[in-house]
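Structure below is run_32.txt: compact mmCIF, C-alpha atoms.
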```
# COMPACT_ATOMS: atom_id res chain seq x y z
CA MET N 1 -96.72 36.53 64.49
CA ARG N 2 -93.38 38.12 63.67
CA ALA N 3 -90.54 37.49 66.14
CA PHE N 4 -88.60 40.61 65.13
CA PRO N 5 -89.49 43.84 63.39
CA VAL N 6 -88.72 43.85 59.69
CA GLU N 7 -88.26 47.05 57.71
CA THR N 8 -90.37 46.65 54.59
CA PRO N 9 -91.59 49.11 52.00
CA PHE N 10 -94.89 47.26 51.74
CA ARG N 11 -97.91 47.74 53.95
CA SER N 12 -99.70 44.97 55.70
CA VAL N 13 -103.29 44.04 54.88
CA GLN N 14 -104.41 45.40 58.23
CA GLU N 15 -102.90 48.81 57.55
CA VAL N 16 -104.61 48.97 54.19
CA SER N 17 -107.98 48.10 55.67
CA THR N 18 -107.52 50.64 58.50
CA ILE N 19 -106.94 53.41 56.00
CA ASN N 20 -109.95 52.40 53.95
CA LYS N 21 -112.09 52.22 57.04
CA GLN N 22 -111.06 55.71 58.08
CA LYS N 23 -111.70 57.06 54.60
CA PHE N 24 -115.08 55.36 54.53
CA LEU N 25 -116.09 56.81 57.90
CA ALA N 26 -114.78 60.26 57.00
CA GLU N 27 -116.72 60.26 53.75
CA LEU N 28 -119.85 59.00 55.47
CA ALA N 29 -119.53 61.68 58.15
CA LYS N 30 -119.47 64.34 55.45
CA LEU N 31 -122.49 62.85 53.73
CA LEU N 32 -124.56 62.61 56.92
CA THR N 33 -124.42 66.32 57.70
CA PHE N 34 -128.14 66.57 56.98
CA MET N 35 -128.82 64.76 60.27
CA TYR N 36 -128.96 66.23 63.73
CA GLU N 37 -125.56 66.08 65.39
CA GLU N 38 -126.71 63.54 68.00
CA ASP N 39 -128.17 61.24 65.37
CA ARG N 40 -125.10 61.60 63.17
CA GLN N 41 -122.83 60.61 66.05
CA LYS N 42 -125.09 57.66 66.77
CA ALA N 43 -125.03 56.50 63.17
CA LEU N 44 -121.29 56.90 62.83
CA GLY N 45 -120.80 55.07 66.11
CA ALA N 46 -122.86 52.18 64.78
CA TYR N 47 -120.78 52.02 61.62
CA ASN N 48 -117.60 52.19 63.66
CA GLU N 49 -118.78 49.27 65.81
CA MET N 50 -119.60 47.41 62.63
CA PHE N 51 -115.99 47.78 61.49
CA GLU N 52 -114.64 46.73 64.88
CA GLU N 53 -116.79 43.60 64.89
CA ALA N 54 -115.89 42.67 61.33
CA GLU N 55 -113.35 39.90 60.95
CA ASP N 56 -112.37 41.04 57.49
CA GLU N 57 -112.71 44.76 56.92
CA GLN N 58 -112.14 44.48 53.20
CA MET N 59 -115.10 42.13 52.92
CA LEU N 60 -117.17 44.51 55.01
CA LEU N 61 -116.17 47.44 52.81
CA GLN N 62 -117.20 45.43 49.77
CA ALA N 63 -120.53 44.57 51.39
CA LEU N 64 -121.19 48.21 52.25
CA VAL N 65 -120.29 49.19 48.65
CA SER N 66 -119.78 52.93 49.18
CA PRO N 67 -120.37 55.69 51.74
CA LEU N 68 -122.82 57.32 49.32
CA ARG N 69 -125.00 54.26 49.20
CA GLN N 70 -125.00 53.98 52.99
CA ALA N 71 -125.84 57.69 53.26
CA VAL N 72 -128.80 57.19 50.93
CA GLU N 73 -130.01 54.23 53.02
CA VAL N 74 -129.73 56.21 56.23
CA ALA N 75 -131.36 59.26 54.65
CA ARG N 76 -134.39 57.23 53.62
CA ALA N 77 -134.78 55.74 57.06
CA TYR N 78 -134.22 59.12 58.65
CA ASN N 79 -137.38 60.31 57.01
CA ALA N 80 -135.60 63.08 55.22
CA GLY N 81 -138.80 64.31 53.66
CA LYS N 82 -140.06 65.54 57.02
CA GLN N 83 -136.76 66.70 58.44
CA SER N 84 -135.37 69.87 56.97
CA LEU N 85 -132.21 69.02 55.07
CA ARG N 86 -129.16 71.05 55.98
CA THR N 87 -125.54 71.12 54.99
CA ALA N 88 -124.05 71.27 58.48
CA PRO N 89 -124.99 69.15 61.49
CA LYS N 90 -126.94 70.98 64.22
CA PRO N 91 -127.92 69.88 67.73
CA ARG N 92 -131.54 68.84 68.28
CA GLU N 93 -133.49 71.59 69.99
CA GLY N 94 -136.56 70.19 71.64
CA GLU N 95 -137.61 68.15 68.61
CA GLU N 96 -138.74 64.60 68.83
CA ALA N 97 -136.08 61.95 68.29
CA ASN N 98 -136.38 59.68 65.28
CA ASP N 99 -134.40 56.48 65.69
CA ALA N 100 -135.83 54.64 62.70
CA PHE N 101 -132.52 54.99 60.91
CA MET N 102 -130.83 52.88 63.60
CA ASP N 103 -133.01 49.93 62.62
CA THR N 104 -131.80 50.33 59.06
CA ILE N 105 -128.19 50.45 60.20
CA HIS N 106 -128.72 47.32 62.30
CA ARG N 107 -130.24 45.57 59.30
CA ILE N 108 -127.27 46.62 57.11
CA ARG N 109 -124.93 45.47 59.83
CA ALA N 110 -126.60 42.07 60.06
CA GLU N 111 -126.52 41.63 56.29
CA ALA N 112 -122.91 42.75 56.01
CA LEU N 113 -121.67 40.63 58.87
CA GLU N 114 -123.38 37.58 57.41
CA LYS N 115 -121.10 37.88 54.43
CA GLN N 116 -117.96 37.71 56.57
CA PRO N 117 -115.86 34.54 56.09
CA ALA N 118 -115.73 32.13 59.00
CA VAL N 119 -111.92 31.98 58.92
CA GLN N 120 -109.70 34.89 58.11
CA VAL N 121 -108.28 34.13 54.69
CA VAL N 122 -105.31 36.49 54.75
CA SER N 123 -103.00 36.57 57.72
CA GLU N 124 -102.06 39.88 59.26
CA ASP N 125 -98.43 39.45 58.36
CA GLN N 126 -99.03 38.97 54.70
CA ILE N 127 -97.69 41.89 52.72
CA SER N 128 -99.47 43.66 49.94
CA LEU N 129 -97.51 44.27 46.77
CA PHE N 130 -100.02 46.71 45.32
CA ASP N 131 -99.54 49.67 47.57
CA ALA N 132 -96.88 52.35 47.52
CA PRO N 133 -94.54 52.46 50.51
CA GLN N 134 -95.72 54.72 53.26
CA GLU N 135 -94.26 56.17 56.39
CA PRO N 136 -94.60 53.91 59.43
CA GLU N 137 -97.66 54.61 61.51
CA ALA N 138 -97.31 56.20 64.89
CA PRO N 139 -97.91 53.73 67.73
CA GLU N 140 -100.70 55.89 69.21
CA ALA N 141 -102.63 55.60 65.97
CA GLU N 142 -102.99 51.84 66.29
CA ALA N 143 -103.84 52.07 69.94
CA ALA N 144 -106.38 54.86 69.62
CA PRO N 145 -109.76 53.73 68.31
CA VAL N 146 -111.43 55.67 65.55
CA GLN N 147 -113.79 58.09 67.20
CA PRO N 148 -117.13 58.56 65.53
CA ALA N 149 -116.90 62.35 65.72
CA ALA N 150 -113.46 62.45 64.15
CA PRO N 151 -114.17 61.36 60.56
CA ALA N 152 -115.57 64.71 59.46
CA GLU N 153 -112.38 66.38 60.59
CA ASP N 154 -110.30 63.61 59.02
CA ALA N 155 -111.74 64.15 55.59
CA GLU N 156 -108.80 66.20 54.36
CA GLY N 157 -105.96 64.35 56.05
CA GLU N 158 -106.15 60.82 54.82
CA ALA N 159 -102.67 59.75 55.84
CA PRO N 160 -102.57 57.67 58.98
CA ALA N 161 -99.88 59.84 60.48
CA GLU N 162 -102.19 62.87 60.36
CA ASN N 163 -104.99 60.84 61.87
CA ALA N 164 -102.65 59.77 64.61
CA GLU N 165 -101.89 63.40 65.35
CA GLU N 166 -105.57 64.20 65.62
CA ALA N 167 -106.28 61.19 67.77
CA ALA N 168 -103.41 61.84 70.17
CA PRO N 169 -104.22 63.46 73.54
CA ALA N 170 -104.23 67.26 73.55
CA GLU N 171 -101.85 67.62 76.48
CA GLU N 172 -99.00 66.08 74.48
CA GLU N 173 -99.15 68.79 71.85
CA THR N 174 -96.88 71.80 71.90
CA PRO N 175 -98.57 75.24 71.71
CA ASP N 176 -97.37 75.80 68.11
CA ALA N 177 -98.60 72.44 67.02
CA ALA N 178 -101.90 73.09 68.74
CA ASP N 179 -102.27 76.38 66.88
CA GLU N 180 -101.49 74.74 63.54
CA GLU N 181 -103.91 71.97 64.27
CA ALA N 182 -106.58 74.47 65.24
CA GLU N 183 -106.10 76.18 61.87
CA GLU N 184 -106.29 72.85 60.08
CA ASP N 185 -109.40 71.97 62.04
CA SER N 186 -111.05 75.24 61.11
CA ASP N 187 -110.20 74.58 57.43
CA ASP N 188 -111.56 71.07 57.72
CA ASP N 189 -114.70 72.38 59.38
CA GLU N 190 -115.19 74.70 56.43
CA VAL N 191 -114.80 71.76 54.09
CA ALA N 192 -117.19 69.69 56.17
CA ASP N 193 -119.66 72.56 56.29
CA ALA N 194 -119.55 73.05 52.52
CA PRO N 195 -122.83 72.27 50.73
CA LEU N 196 -123.28 68.76 49.41
CA PRO N 197 -125.18 69.06 46.16
CA GLU N 198 -125.06 65.30 45.60
CA ILE N 199 -127.28 64.66 48.57
CA LYS N 200 -129.57 67.64 48.16
CA ALA N 201 -130.04 67.53 44.43
CA MET N 202 -130.21 63.78 43.93
CA PRO N 203 -133.61 62.98 42.43
CA ALA N 204 -135.63 59.97 43.44
CA ALA N 205 -134.82 58.19 40.17
CA GLN N 206 -131.12 58.27 40.92
CA THR N 207 -131.52 57.12 44.49
CA ALA N 208 -133.66 54.26 43.21
CA GLU N 209 -130.75 53.19 41.03
CA LEU N 210 -128.57 53.01 44.12
CA ASP N 211 -131.02 50.74 45.86
CA PRO N 212 -129.21 47.43 46.39
CA SER N 213 -132.50 45.52 46.41
CA GLN N 214 -133.21 46.51 42.82
CA PRO N 215 -131.12 45.02 40.00
CA PRO N 216 -129.20 47.57 37.87
CA ARG N 217 -131.00 48.66 34.73
CA LYS N 218 -129.36 47.47 31.53
CA THR N 219 -129.63 49.50 28.36
CA VAL N 220 -128.61 48.83 24.78
CA ARG N 221 -127.87 51.25 21.98
CA LYS N 222 -130.30 50.98 19.13
CA ALA N 223 -129.80 52.64 15.75
CA ARG N 224 -132.43 54.91 14.23
CA VAL N 225 -131.94 53.44 10.78
CA PRO N 226 -133.53 56.14 8.55
CA LEU N 227 -131.74 58.89 10.43
CA LEU N 228 -128.47 56.96 10.27
CA ILE N 229 -128.74 56.51 6.48
CA LEU N 230 -129.55 60.19 6.05
CA TYR N 231 -126.63 61.16 8.25
CA ILE N 232 -124.21 58.94 6.33
CA LEU N 233 -125.43 60.33 3.02
CA LEU N 234 -124.86 63.89 4.23
CA ALA N 235 -121.80 63.37 6.38
CA ILE N 236 -119.62 61.61 3.81
CA PRO N 237 -119.68 64.33 1.11
CA LEU N 238 -119.52 67.13 3.65
CA GLY N 239 -116.68 65.38 5.43
CA LEU N 240 -114.79 64.93 2.16
CA ILE N 241 -115.15 68.62 1.32
CA ALA N 242 -113.93 69.57 4.80
CA LEU N 243 -111.06 67.09 4.43
CA VAL N 244 -109.93 68.69 1.15
CA ILE N 245 -110.23 72.18 2.64
CA LEU N 246 -108.07 71.14 5.58
CA LEU N 247 -105.60 69.18 3.44
CA ILE N 248 -104.65 72.22 1.33
CA PRO N 249 -103.18 74.27 4.21
CA ALA N 250 -101.65 71.10 5.65
CA LEU N 251 -99.77 70.34 2.43
CA VAL N 252 -98.77 73.99 2.00
CA SER N 253 -97.35 73.93 5.52
CA LEU N 254 -95.44 70.75 4.74
CA ALA N 255 -93.99 72.22 1.55
CA ALA N 256 -92.97 75.42 3.35
CA ALA N 257 -91.33 73.40 6.13
CA ILE N 258 -89.37 71.30 3.63
CA VAL N 259 -88.20 74.39 1.73
CA CYS N 260 -87.15 76.27 4.87
CA ILE N 261 -85.26 73.36 6.38
CA THR N 262 -83.56 72.44 3.09
CA VAL N 263 -82.44 76.01 2.40
CA ALA N 264 -81.15 76.35 5.95
CA VAL N 265 -79.14 73.12 5.75
CA LEU N 266 -77.72 74.05 2.34
CA ALA N 267 -76.81 77.53 3.59
CA VAL N 268 -74.95 76.08 6.57
CA THR N 269 -73.02 73.55 4.46
CA SER N 270 -72.06 76.08 1.83
CA ALA N 271 -71.22 78.79 4.39
CA LEU N 272 -68.88 76.61 6.42
CA GLY N 273 -66.44 76.12 3.56
CA SER N 274 -66.81 79.45 1.77
CA PHE N 275 -66.27 82.23 4.30
CA PRO N 276 -62.73 82.92 5.46
CA LYS N 277 -64.01 85.77 7.64
CA ILE N 278 -65.72 84.71 10.87
CA ALA N 279 -68.13 87.70 10.84
CA ASN N 280 -69.56 86.65 7.47
CA LEU N 281 -69.88 83.09 8.71
CA LEU N 282 -71.80 84.27 11.77
CA VAL N 283 -74.28 86.20 9.63
CA ALA N 284 -74.88 83.18 7.35
CA LEU N 285 -75.26 80.80 10.31
CA GLY N 286 -77.67 83.19 12.05
CA ALA N 287 -79.86 83.42 8.97
CA ALA N 288 -79.83 79.63 8.62
CA LEU N 289 -80.86 79.21 12.27
CA ILE N 290 -83.80 81.57 11.84
CA LEU N 291 -84.86 79.68 8.70
CA LEU N 292 -84.68 76.39 10.62
CA ALA N 293 -86.92 77.82 13.33
CA VAL N 294 -89.49 78.96 10.76
CA GLY N 295 -89.34 75.51 9.12
CA LEU N 296 -90.00 73.91 12.49
CA VAL N 297 -93.10 76.06 12.99
CA PHE N 298 -94.42 75.03 9.56
CA LEU N 299 -93.71 71.38 10.33
CA MET N 300 -95.64 71.64 13.59
CA LEU N 301 -98.51 73.33 11.75
CA PHE N 302 -98.61 70.41 9.33
CA VAL N 303 -98.74 67.92 12.21
CA TRP N 304 -101.50 69.96 13.84
CA PHE N 305 -103.57 70.08 10.66
CA LEU N 306 -103.16 66.37 10.09
CA GLY N 307 -103.60 65.06 13.62
CA GLY N 308 -105.58 67.78 15.36
CA ALA N 309 -107.85 69.37 12.79
CA ILE N 310 -108.49 66.50 10.36
CA GLY N 311 -108.51 63.83 13.07
CA GLY N 312 -110.74 65.96 15.25
CA MET N 313 -113.13 66.62 12.37
CA ILE N 314 -113.48 62.90 11.60
CA ASN N 315 -113.84 62.05 15.28
CA GLY N 316 -116.44 64.77 15.69
CA LEU N 317 -118.46 63.49 12.75
CA ILE N 318 -118.46 59.98 14.21
CA THR N 319 -119.40 61.21 17.69
CA LEU N 320 -122.18 63.40 16.30
CA GLY N 321 -123.52 60.47 14.30
CA GLY N 322 -123.52 58.29 17.40
CA LYS N 323 -125.34 60.96 19.35
CA TRP N 324 -128.00 61.73 16.77
CA CYS N 325 -128.61 58.36 15.19
CA TYR N 326 -128.55 56.04 18.21
CA LYS N 327 -130.79 55.90 21.23
CA GLU N 328 -130.51 53.95 24.46
CA VAL N 329 -133.38 51.62 25.18
CA PRO N 330 -133.81 49.29 28.15
CA ALA N 331 -132.64 45.76 27.42
CA GLU N 332 -135.34 43.15 27.12
CA MET L 1 -100.70 68.54 21.63
CA LYS L 2 -100.56 71.59 23.88
CA LYS L 3 -97.35 70.36 25.48
CA ALA L 4 -95.81 69.63 22.08
CA TRP L 5 -96.68 73.14 20.93
CA SER L 6 -95.09 74.68 24.01
CA VAL L 7 -91.89 72.62 23.50
CA VAL L 8 -91.69 73.55 19.80
CA LEU L 9 -92.33 77.21 20.53
CA VAL L 10 -89.56 77.26 23.14
CA ILE L 11 -87.15 75.68 20.63
CA VAL L 12 -88.20 78.15 17.93
CA PHE L 13 -87.83 81.08 20.29
CA VAL L 14 -84.34 79.97 21.34
CA ALA L 15 -83.31 79.36 17.70
CA ILE L 16 -84.54 82.79 16.58
CA LEU L 17 -82.81 84.44 19.51
CA LEU L 18 -79.53 82.66 18.73
CA GLY L 19 -79.84 83.46 15.01
CA ALA L 20 -80.53 87.12 15.66
CA THR L 21 -77.63 87.29 18.09
CA ALA L 22 -75.32 85.66 15.55
CA ILE L 23 -76.39 88.07 12.82
CA GLY L 24 -76.00 91.04 15.16
CA VAL L 25 -72.57 89.95 16.38
CA GLY L 26 -71.43 89.24 12.80
CA TYR L 27 -72.68 92.61 11.63
CA LEU L 28 -71.03 94.45 14.51
CA THR L 29 -67.70 92.67 14.00
CA GLY L 30 -67.55 93.84 10.40
CA ALA L 31 -69.40 91.34 8.23
CA ASP L 32 -69.55 92.16 4.53
CA LEU L 33 -73.20 91.50 3.65
CA GLU L 34 -72.58 91.87 -0.07
CA GLN L 35 -69.93 89.16 0.04
CA VAL L 36 -72.29 86.89 2.00
CA TYR L 37 -75.00 87.41 -0.60
CA LEU L 38 -72.62 86.75 -3.51
CA THR L 39 -71.26 83.61 -1.89
CA LEU L 40 -74.73 82.18 -1.20
CA GLU L 41 -75.87 83.10 -4.71
CA SER L 42 -73.17 80.96 -6.25
CA SER L 43 -73.79 78.07 -3.84
CA PRO L 44 -76.28 75.16 -4.20
CA VAL L 45 -78.77 77.18 -2.11
CA ALA L 46 -79.40 79.56 -4.97
CA THR L 47 -79.72 76.68 -7.45
CA PHE L 48 -82.25 75.01 -5.19
CA ILE L 49 -84.28 78.17 -4.76
CA MET L 50 -84.24 78.89 -8.51
CA ARG L 51 -85.44 75.36 -9.20
CA LEU L 52 -88.26 75.81 -6.69
CA VAL L 53 -89.28 79.07 -8.31
CA SER L 54 -89.40 77.43 -11.75
CA TYR L 55 -91.50 74.56 -10.34
CA TRP L 56 -93.85 77.09 -8.75
CA GLU L 57 -94.25 78.95 -12.07
CA GLN L 58 -94.93 75.72 -13.95
CA GLY L 59 -97.47 74.58 -11.32
CA TYR L 60 -99.17 77.96 -11.37
CA ALA L 61 -99.50 77.81 -15.17
CA TYR L 62 -100.95 74.28 -15.01
CA ALA L 63 -103.43 75.34 -12.31
CA GLN L 64 -104.57 78.30 -14.44
CA GLN L 65 -105.13 76.00 -17.42
CA LEU L 66 -107.05 73.55 -15.21
CA ILE L 67 -109.30 76.24 -13.76
CA ALA L 68 -109.98 77.60 -17.24
CA ALA L 69 -110.93 74.13 -18.50
CA LEU L 70 -113.27 73.26 -15.58
CA PRO L 71 -116.41 75.13 -16.76
CA GLY L 72 -116.19 73.46 -20.17
CA PHE L 73 -115.75 70.06 -18.52
CA PHE L 74 -118.84 70.49 -16.31
CA ALA L 75 -120.80 71.87 -19.25
CA SER L 76 -119.97 68.75 -21.29
CA LEU L 77 -121.37 66.53 -18.50
CA PHE L 78 -124.86 67.95 -18.73
```
Turn this file's structure into structure tokens for me.
Amino acid sequence: MRAFPVETPFRSVQEVSTINKQKFLAELAKLLTFMYEEDRQKALGAYNEMFEEAEDEQMLLQALVSPLRQAVEVARAYNAGKQSLRTAPKPREGEEANDAFMDTIHRIRAEALEKQPAVQVVSEDQISLFDAPQEPEAPEAEAAPVQPAAPAEDAEGEAPAENAEEAAPAEEETPDAADEEAEEDSDDDEVADAPLPEIKAMPAAQTAELDPSQPPRKTVRKARVPLLILYILLAIPLGLIALVILLIPALVSLAAAIVCITVAVLAVTSALGSFPKIANLLVALGAALILLAVGLVFLMLFVWFLGGAIGGMINGLITLGGKWCYKEVPAE
Amino acid sequence: MKKAWSVVLVIVFVAILLGATAIGVGYLTGADLEQVYLTLESSPVATFIMRLVSYWEQGYAYAQQLIAALPGFFASLF
């Protein structure tokens, strides 16, 4: 729509959505490492097509909610209970294919695309004021489509420029650049191959909470009244005793700080007019400086006692009371 | 709090270093420590310190009296 290129520090809506799409796919690729490599590529390809068909990628991202939720959906359909879970994708070796997860992805796709607006609300030229300025994207990056296999390798490099480098043809790279990229790729592979405890260790109760078909559980905090009364009766006197015990060193520190600083200031003022010899003046000023430093330490101790120790003690008592005397119950 | 402590400790360290250097340089260039002491003794610093010492002695005497009276006070309650 623009007739001439305009240098602007802001990024267009399309750029923002492209970055989010790449991040989404990269995250999803990491989370789907429990699948066979062929199935993972198929799933990522389906999600990539979903993004290409979407009129508004932001809306699609909102509809998909998060890569973790999509990974959970795919994992359920993939019949993860029968397949052996693994942390790195492996090729299928003579095992029977299981394409049930594709039906799930098609269903998600249909649901997500239904939520797309009929007319694009925001034009491509409209600038976004909420993003930091970024380096202009390389032209190859816009031209090159996001490959389904790439997201796992893109997990570390989120900037579009890095993605553009990875997407560019290999013959354009210099040998040095190729070596560096190979090192980066090996690092990224290590990251991608790292174990994913979220997927492996997630119990069924947690995955049920992520289920979009079920409404989120609401809980309210309810006081255990007898325990609360007992806690207040014990905590107030004990807290007061602790407060007095902490106040004594705090006030002593304050008094010491006042004495040190006052003596130092008086020594400086009296020394400046009394010593005709510069050597004597230096000794008096040096002693005053050391006294000032000691006074500063005492002053800081006072602040620490007041803000850190006493404040922390009161805060701890309140937190402990909340933990012991309240319980979370499901809302009616 | 940690950052504040580090800043204060740096300032204190620099102040002590400067003070020690000043004392050392003054001593090496022929400072008369007895004259310094006599001058500070006759200045308001000494008056202030003497007043503090007298307050401390008075407070200590009051605290001793208070501590001595506490058992009798609690005994009178019961």
List every residue of chain N that has an atom at most 6 Å from any atom of chain L, and for each one report the closest atom pair and its distance in Å to one decimal, counting only C-alpha atoms, with rows sorted by chain and then by increasing residue number, as CSV.
```
residue,atom,partner,partner_atom,distance
N:Val263,CA,L:Val45,CA,5.9
N:Leu266,CA,L:Val45,CA,5.5
N:Ala279,CA,L:Gly26,CA,4.1
N:Asn280,CA,L:Ala31,CA,4.8
N:Leu282,CA,L:Gly26,CA,5.1
N:Val283,CA,L:Ile23,CA,4.3
N:Gly286,CA,L:Gly19,CA,3.7
N:Leu289,CA,L:Gly19,CA,5.2
N:Ile290,CA,L:Ile16,CA,5.0
N:Ala293,CA,L:Val12,CA,4.8
```
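For the atom pair formed by CA of Leu299 in chain N and CA of Cys260 in chain N, the distance is 9.8 Å, given to one decimal.
As for CA of Leu66 in chain L and CA of Thr262 in chain N, they are spaced 29.8 Å apart.
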*Rounded to one decimal place, report the CA of Met300 in chain N-CA of Ala250 in chain N distance in Å.*
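So the two atoms, CA of Met300 in chain N and CA of Ala250 in chain N, lie 10.0 Å apart.
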_Contact residues around Leu60 in chain N with only C-alpha atoms at 12 Å, ignoring same-chain residues under 3 positions, as a ChimeraX atom specification_ = /N:17-18,20-21,24,47-57,63-66,108-117
*asked:* Quick one: residues within 12 Å of Ile318 in chain N, all atoms listed in the file, excluding same-chain residues fewer than 5 positions away - as a count of residues only?
replied: 13
Would you compute an axis-aligned box for range 15-21 of chain L, covering every atom listed for it in the file with 5 Å of margin on each side, and report centre and edge lengths in Å to one decimal as lines of an AutoDock Vina configuration file?
```
center_x = -81.1
center_y = 83.3
center_z = 17.3
size_x = 16.9
size_y = 17.9
size_z = 14.5
```
*Please identify all polymer residues within 12 Å of Thr219 in chain N, counting all atoms listed in the file, omitting same-chain residues fewer than 5 positions from it, and present them as an MDAnalysis selection string.*
chainID N and resid 327:332
Could you write those residues out with C-alpha atoms, as a PDB file, keeping the file's coordinate frame?
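Output contents, as saved in selection_23.pdb:
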```pdb
ATOM      1  CA  LYS N 327    -130.790  55.900  21.230  1.00  0.00           C
ATOM      2  CA  GLU N 328    -130.510  53.950  24.460  1.00  0.00           C
ATOM      3  CA  VAL N 329    -133.380  51.620  25.180  1.00  0.00           C
ATOM      4  CA  PRO N 330    -133.810  49.290  28.150  1.00  0.00           C
ATOM      5  CA  ALA N 331    -132.640  45.760  27.420  1.00  0.00           C
ATOM      6  CA  GLU N 332    -135.340  43.150  27.120  1.00  0.00           C
TER       7      GLU N 332
END
```
Starting from the point (-121.6, 53.6, 63.9), work out which residues of protein, DNA or RNA have an atom no more than 12 Å away when counting only C-alpha atoms; state them as a compact mmCIF listing (two decimals) with C-alpha atoms, keeping the file's coordinate frame.
```txt
# COMPACT_ATOMS: atom_id res chain seq x y z
CA LYS N 21 -112.09 52.22 57.04
CA PHE N 24 -115.08 55.36 54.53
CA LEU N 25 -116.09 56.81 57.90
CA ALA N 26 -114.78 60.26 57.00
CA LEU N 28 -119.85 59.00 55.47
CA ALA N 29 -119.53 61.68 58.15
CA LEU N 32 -124.56 62.61 56.92
CA GLU N 38 -126.71 63.54 68.00
CA ASP N 39 -128.17 61.24 65.37
CA ARG N 40 -125.10 61.60 63.17
CA GLN N 41 -122.83 60.61 66.05
CA LYS N 42 -125.09 57.66 66.77
CA ALA N 43 -125.03 56.50 63.17
CA LEU N 44 -121.29 56.90 62.83
CA GLY N 45 -120.80 55.07 66.11
CA ALA N 46 -122.86 52.18 64.78
CA TYR N 47 -120.78 52.02 61.62
CA ASN N 48 -117.60 52.19 63.66
CA GLU N 49 -118.78 49.27 65.81
CA MET N 50 -119.60 47.41 62.63
CA PHE N 51 -115.99 47.78 61.49
CA GLU N 52 -114.64 46.73 64.88
CA GLU N 53 -116.79 43.60 64.89
CA GLN N 70 -125.00 53.98 52.99
CA VAL N 74 -129.73 56.21 56.23
CA PHE N 101 -132.52 54.99 60.91
CA MET N 102 -130.83 52.88 63.60
CA THR N 104 -131.80 50.33 59.06
CA ILE N 105 -128.19 50.45 60.20
CA HIS N 106 -128.72 47.32 62.30
CA ILE N 108 -127.27 46.62 57.11
CA ARG N 109 -124.93 45.47 59.83
CA VAL N 146 -111.43 55.67 65.55
CA GLN N 147 -113.79 58.09 67.20
CA PRO N 148 -117.13 58.56 65.53
CA ALA N 149 -116.90 62.35 65.72
CA PRO N 151 -114.17 61.36 60.56
```
